[in-house]
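The file protein_39.txt contains compact mmCIF, C-alpha atoms:
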```
# COMPACT_ATOMS: atom_id res chain seq x y z
CA MET A 1 8.29 -7.43 -7.35
CA GLU A 2 8.11 -8.24 -11.06
CA MET A 3 7.49 -5.36 -13.48
CA GLN A 4 4.13 -6.72 -14.60
CA GLU A 5 2.96 -6.84 -11.00
CA ILE A 6 4.14 -3.26 -10.46
CA ASN A 7 2.31 -2.16 -13.63
CA ARG A 8 -1.02 -3.55 -12.46
CA ARG A 9 -0.70 -2.58 -8.81
CA ILE A 10 0.06 1.06 -9.64
CA ALA A 11 -2.74 1.07 -12.23
CA ARG A 12 -5.21 -0.04 -9.57
CA ASP A 13 -3.85 2.55 -7.14
CA LEU A 14 -4.28 5.39 -9.63
CA LEU A 15 -7.81 4.30 -10.47
CA LYS A 16 -8.76 3.96 -6.81
CA ILE A 17 -7.86 7.57 -5.99
CA ARG A 18 -9.03 8.79 -9.42
CA ALA A 19 -5.62 10.13 -10.31
CA VAL A 20 -6.43 8.59 -13.69
CA PHE A 21 -10.12 8.93 -14.40
CA PHE A 22 -11.88 7.68 -17.55
CA ARG A 23 -14.91 9.46 -18.99
CA PRO A 24 -15.32 8.40 -22.63
CA GLU A 25 -18.94 9.57 -22.78
CA GLU A 26 -18.11 13.08 -21.54
CA PRO A 27 -14.56 13.86 -22.69
CA PHE A 28 -12.31 16.29 -20.86
CA THR A 29 -10.80 19.20 -22.77
CA TRP A 30 -7.02 19.49 -22.63
CA ALA A 31 -5.28 22.87 -22.79
CA SER A 32 -4.47 22.08 -26.43
CA GLY A 33 -8.19 21.78 -27.17
CA ILE A 34 -8.04 18.01 -27.65
CA GLN A 35 -11.11 16.17 -26.42
CA SER A 36 -9.82 13.39 -24.18
CA PRO A 37 -11.61 10.42 -22.59
CA VAL A 38 -9.05 10.39 -19.77
CA TYR A 39 -8.03 12.85 -17.07
CA CYS A 40 -4.72 12.31 -15.31
CA ASP A 41 -3.59 14.04 -12.10
CA ASN A 42 -0.83 12.06 -10.44
CA ARG A 43 -0.34 14.80 -7.86
CA LEU A 44 -3.17 13.09 -6.01
CA THR A 45 -0.79 10.24 -5.21
CA LEU A 46 0.93 12.53 -2.71
CA THR A 47 -2.18 12.95 -0.57
CA ASP A 48 -2.97 9.25 -0.19
CA VAL A 49 -0.42 7.70 2.16
CA ALA A 50 -0.86 4.09 1.01
CA VAL A 51 -0.72 4.95 -2.70
CA ARG A 52 2.17 7.34 -2.17
CA THR A 53 4.09 4.55 -0.45
CA ASP A 54 3.38 2.15 -3.32
CA VAL A 55 4.48 4.71 -5.92
CA GLU A 56 7.70 5.82 -4.23
CA GLU A 57 8.78 2.30 -3.31
CA ALA A 58 8.05 1.17 -6.87
CA LEU A 59 10.05 4.07 -8.31
CA ALA A 60 12.97 3.16 -6.06
CA GLU A 61 12.73 -0.50 -7.09
CA VAL A 62 12.58 0.34 -10.79
CA ILE A 63 15.51 2.77 -10.62
CA ARG A 64 17.65 0.23 -8.74
CA ALA A 65 16.84 -2.44 -11.33
CA GLU A 66 16.89 -0.40 -14.54
CA TYR A 67 19.42 2.32 -13.71
CA PRO A 68 21.79 0.77 -11.15
CA GLU A 69 24.50 3.36 -11.85
CA ALA A 70 22.27 6.29 -10.85
CA GLU A 71 24.06 8.90 -8.73
CA VAL A 72 21.48 11.72 -8.67
CA LEU A 73 17.70 11.96 -9.18
CA MET A 74 16.37 15.07 -10.89
CA GLY A 75 12.66 15.86 -10.75
CA THR A 76 10.73 17.71 -13.41
CA SER A 77 9.13 20.96 -12.32
CA THR A 78 6.76 20.86 -10.66
CA ALA A 79 5.07 17.46 -10.59
CA GLY A 80 8.23 15.38 -10.42
CA ILE A 81 9.89 17.26 -7.57
CA ALA A 82 8.19 15.55 -4.63
CA HIS A 83 8.58 12.09 -6.19
CA ALA A 84 12.28 12.66 -6.81
CA ALA A 85 12.73 13.87 -3.22
CA ILE A 86 10.90 10.94 -1.59
CA THR A 87 12.45 8.33 -3.86
CA GLY A 88 15.90 9.86 -3.40
CA HIS A 89 15.41 9.61 0.36
CA LEU A 90 14.43 5.94 0.11
CA MET A 91 17.47 5.21 -2.05
CA GLY A 92 19.94 7.36 -0.14
CA LEU A 93 20.60 9.43 -3.26
CA PRO A 94 20.88 13.20 -3.70
CA MET A 95 18.14 14.93 -5.66
CA GLY A 96 17.40 18.21 -7.31
CA TYR A 97 15.03 19.50 -9.93
CA VAL A 98 14.96 21.39 -13.20
CA ARG A 99 12.91 24.54 -13.57
CA SER A 100 10.87 25.21 -16.69
CA GLY A 101 13.08 28.27 -17.17
CA ALA A 102 16.00 29.98 -15.49
CA LYS A 103 15.25 32.23 -12.52
CA ASP A 104 15.35 35.95 -13.24
CA HIS A 105 17.08 36.71 -9.94
CA GLY A 106 19.88 35.48 -7.69
CA ARG A 107 22.14 32.98 -9.44
CA GLN A 108 19.57 32.57 -12.23
CA ASN A 109 19.58 28.79 -11.78
CA GLN A 110 17.54 26.48 -13.92
CA ILE A 111 18.89 23.40 -12.21
CA GLU A 112 18.27 23.44 -8.46
CA GLY A 113 20.51 21.29 -6.28
CA ARG A 114 24.15 20.35 -6.72
CA LEU A 115 25.02 18.65 -10.00
CA GLU A 116 28.58 17.85 -11.02
CA LYS A 117 29.64 17.37 -14.63
CA GLY A 118 29.67 13.73 -15.57
CA GLN A 119 27.26 12.61 -12.86
CA LYS A 120 24.82 9.89 -13.84
CA VAL A 121 21.26 11.17 -13.55
CA VAL A 122 17.80 9.67 -13.67
CA VAL A 123 14.96 12.08 -14.40
CA VAL A 124 11.82 11.50 -12.33
CA GLU A 125 8.55 12.47 -14.04
CA ASP A 126 4.91 11.96 -13.12
CA LEU A 127 3.49 11.32 -16.59
CA ILE A 128 4.54 11.32 -20.22
CA SER A 129 2.27 12.11 -23.15
CA THR A 130 4.09 13.63 -26.15
CA GLY A 131 7.40 13.78 -24.29
CA GLY A 132 8.07 17.46 -24.99
CA SER A 133 8.46 18.78 -21.45
CA VAL A 134 10.59 15.93 -20.12
CA LEU A 135 12.91 16.13 -23.12
CA GLU A 136 13.48 19.80 -22.36
CA VAL A 137 14.63 18.74 -18.88
CA VAL A 138 16.94 16.10 -20.37
CA GLU A 139 18.47 18.71 -22.70
CA VAL A 140 19.12 21.14 -19.84
CA LEU A 141 20.84 18.40 -17.85
CA ARG A 142 22.93 17.30 -20.81
CA GLU A 143 24.01 20.87 -21.47
CA ALA A 144 25.12 21.05 -17.83
CA GLY A 145 27.37 18.04 -18.42
CA ALA A 146 25.22 15.35 -16.78
CA GLN A 147 25.04 11.82 -18.14
CA VAL A 148 21.31 11.18 -18.34
CA LEU A 149 20.71 7.45 -17.92
CA GLY A 150 17.00 7.77 -18.61
CA ILE A 151 13.61 8.60 -17.16
CA ALA A 152 11.57 6.91 -14.45
CA SER A 153 7.92 7.95 -14.67
CA ILE A 154 4.70 6.98 -12.95
CA PHE A 155 2.49 6.81 -16.03
CA THR A 156 2.84 6.98 -19.80
CA TYR A 157 0.17 7.25 -22.46
CA GLY A 158 2.39 5.42 -24.94
CA MET A 159 1.47 7.92 -27.65
CA ARG A 160 3.33 7.40 -30.90
CA ARG A 161 4.64 10.95 -30.96
CA GLY A 162 6.07 10.62 -27.46
CA ILE A 163 7.74 7.30 -28.24
CA GLU A 164 9.28 8.65 -31.44
CA ARG A 165 10.57 11.81 -29.76
CA LEU A 166 12.20 9.88 -26.94
CA GLU A 167 13.82 7.48 -29.40
CA ALA A 168 15.10 10.35 -31.55
CA ALA A 169 16.69 11.96 -28.50
CA GLY A 170 18.23 8.67 -27.39
CA VAL A 171 16.33 8.70 -24.10
CA ARG A 172 14.96 5.63 -22.36
CA ASN A 173 11.80 5.79 -20.24
CA VAL A 174 10.57 3.20 -17.76
CA SER A 175 7.05 3.79 -16.40
CA LEU A 176 5.37 2.18 -13.42
CA THR A 177 2.22 1.73 -15.47
CA ASN A 178 0.75 2.70 -18.83
CA PHE A 179 -2.43 3.62 -20.64
CA ASP A 180 -3.20 0.15 -21.96
CA ILE A 181 -2.84 -1.55 -18.58
CA ILE A 182 -4.91 1.09 -16.82
CA ALA A 183 -7.65 0.71 -19.44
CA GLU A 184 -7.68 -3.07 -18.85
CA GLU A 185 -7.80 -2.65 -15.07
CA ALA A 186 -10.51 0.02 -15.36
CA ALA A 187 -12.70 -2.43 -17.28
CA LYS A 188 -12.05 -5.19 -14.73
CA GLU A 189 -12.95 -2.91 -11.83
CA GLY A 190 -16.09 -1.59 -13.56
CA TYR A 191 -14.90 2.00 -14.06
CA ILE A 192 -15.53 1.63 -17.79
CA ARG A 193 -17.18 -0.95 -20.04
CA GLU A 194 -15.11 -3.58 -21.81
CA ALA A 195 -16.35 -2.05 -25.08
CA ASP A 196 -14.79 1.29 -24.15
CA ILE A 197 -11.25 -0.08 -24.35
CA ARG A 198 -11.34 0.03 -28.16
CA ARG A 199 -12.23 3.73 -28.10
CA LEU A 200 -9.56 4.50 -25.54
CA ILE A 201 -6.86 2.79 -27.61
CA ALA A 202 -8.07 4.63 -30.72
CA PHE A 203 -7.64 7.90 -28.82
CA ARG A 204 -4.17 6.88 -27.63
CA ASN A 205 -3.13 6.05 -31.18
CA ASN A 206 -4.33 9.37 -32.63
CA PRO A 207 -5.51 11.90 -30.03
CA GLN A 208 -6.01 14.63 -32.66
CA ASP A 209 -8.65 12.56 -34.45
CA ALA A 210 -12.02 12.79 -32.72
CA ALA A 211 -13.14 9.67 -34.59
CA TRP A 212 -12.18 7.64 -31.49
CA ARG A 213 -15.58 8.62 -30.09
CA GLU A 214 -17.27 6.49 -32.75
CA ALA A 215 -14.81 3.58 -32.61
```
So that I can check it, write out the structure of this file as structure tokens.
Amino acid sequence: MEMQEINRRIARDLLKIRAVFFRPEEPFTWASGIQSPVYCDNRLTLTDVAVRTDVEEALAEVIRAEYPEAEVLMGTSTAGIAHAAITGHLMGLPMGYVRSGAKDHGRQNQIEGRLEKGQKVVVVEDLISTGGSVLEVVEVLREAGAQVLGIASIFTYGMRRGIERLEAAGVRNVSLTNFDIIAEEAAKEGYIREADIRRLIAFRNNPQDAAWREA
């Protein structure tokens, strides 16, 4: 399947199960206090069998194509764990995951699962906004001696800050779909008005500026 077809198919899947839900007239409030016209919960993909199949098979296809040297998949905690496990199973690859912090008991692991120095790793993430949390995972893996080939994610906002941070860290990300494509598909399917796309892109470009509501 071509990447463009994957982009649009996964976008339609996420909209169908409201894993990505647009509400420009009644914005959601993020933990940071930002007023957002979009709510994203890709964990919902796990509870819809058809969508879950699409997502995991697409992740496997993208990793085979974009990171053919991958030896281990590492999920982000917690949202990326299940996707790394299912995709790893489909690909016949080992998987593990990286905790947000080291355990305070036992072996005090932060990386769960066997990881040898020099192994080529792909990080599996559900969504990327500013890139902060996934870059912390990349840093932990690099410190452990892994060769991080890049990230495979389900969805990215394409926010400037996230793109710049990934570039600065020398990390590549390949997403199954993105904010712009989902906005286009949402308008086609009648979830939002065509006129709302301009506001959504204005938010994506500068989420701290509430002026997107008047765009």
I want to know what sits within 6 Å of range 129-138 of chain A, based on all atoms listed in the file, with residues of the same chain fewer than 3 positions away left out; could you give that as a short mmCIF file (atom, residue, chain, number, x, y, z; two decimals) with C-alpha atoms, in the coordinates of the input?
```cif
data_model
loop_
_atom_site.label_atom_id
_atom_site.label_comp_id
_atom_site.auth_asym_id
_atom_site.auth_seq_id
_atom_site.Cartn_x
_atom_site.Cartn_y
_atom_site.Cartn_z
CA LEU A 141 20.84 18.40 -17.85
CA TYR A 157 0.17 7.25 -22.46
CA ARG A 161 4.64 10.95 -30.96
CA GLY A 162 6.07 10.62 -27.46
#
```
Closest pair table for range 50-125 of chain A residues within 9 Å of range 143-156 of chain A, only C-alpha atoms, as CSV:
```
residue,atom,partner,partner_atom,distance
A:Val55,CA,A:Ile154,CA,7.4
A:Leu59,CA,A:Ala152,CA,6.9
A:Val62,CA,A:Ala152,CA,7.6
A:Ile63,CA,A:Ala152,CA,6.9
A:Tyr67,CA,A:Leu149,CA,6.8
A:Glu69,CA,A:Leu149,CA,8.2
A:Ala70,CA,A:Leu149,CA,7.3
A:Gly80,CA,A:Ser153,CA,8.6
A:Ile111,CA,A:Ala144,CA,8.7
A:Leu115,CA,A:Ala146,CA,7.5
A:Glu116,CA,A:Ala146,CA,7.1
A:Lys117,CA,A:Gly145,CA,4.5
A:Gly118,CA,A:Ala146,CA,4.9
A:Gln119,CA,A:Ala146,CA,5.2
A:Lys120,CA,A:Gln147,CA,4.7
A:Val121,CA,A:Val148,CA,4.8
A:Val122,CA,A:Gly150,CA,5.4
A:Val123,CA,A:Ile151,CA,4.6
A:Val124,CA,A:Ala152,CA,5.1
A:Glu125,CA,A:Ser153,CA,4.6
```
Go through range 95-183 of chain A residue by residue and, counting all atoms listed in the file, keep those with an atom at most 10 Å from range 17-25 of chain A; for each kept residue give the shortest atom pair and its distance in Å to one decimal, ordered by chain and increasing number, as a tab-separated table.
```
residue	atom	partner	partner_atom	distance
A:Phe155	CA	A:Val20	CA	9.4
A:Phe179	CA	A:Val20	CA	9.4
A:Ile182	CA	A:Val20	CA	8.3
A:Ala183	CA	A:Phe22	CA	8.4
```
Which centre and which edge lengths, in Å to one decimal, describe the axis-aligned box that holds all listed atoms of range 143-162 of chain A after 8 Å is added on each side, as JSON?
```
{"center_x": 13.8, "center_y": 13.2, "center_z": -22.0, "size_x": 43.2, "size_y": 31.6, "size_z": 34.0}
```
Computed gap from CA of His83 in chain A to CA of Glu139 in chain A is 20.4 Å
Determine the nearest neighbour of Leu14 in chain A from the options A:Ile201, A:Ala168, A:Leu93, A:Leu176, counting all atoms listed in the file.
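Going through A:Ile201, A:Ala168, A:Leu93, A:Leu176 one by one, the smallest distance to Leu14 in chain A is for A:Leu176.
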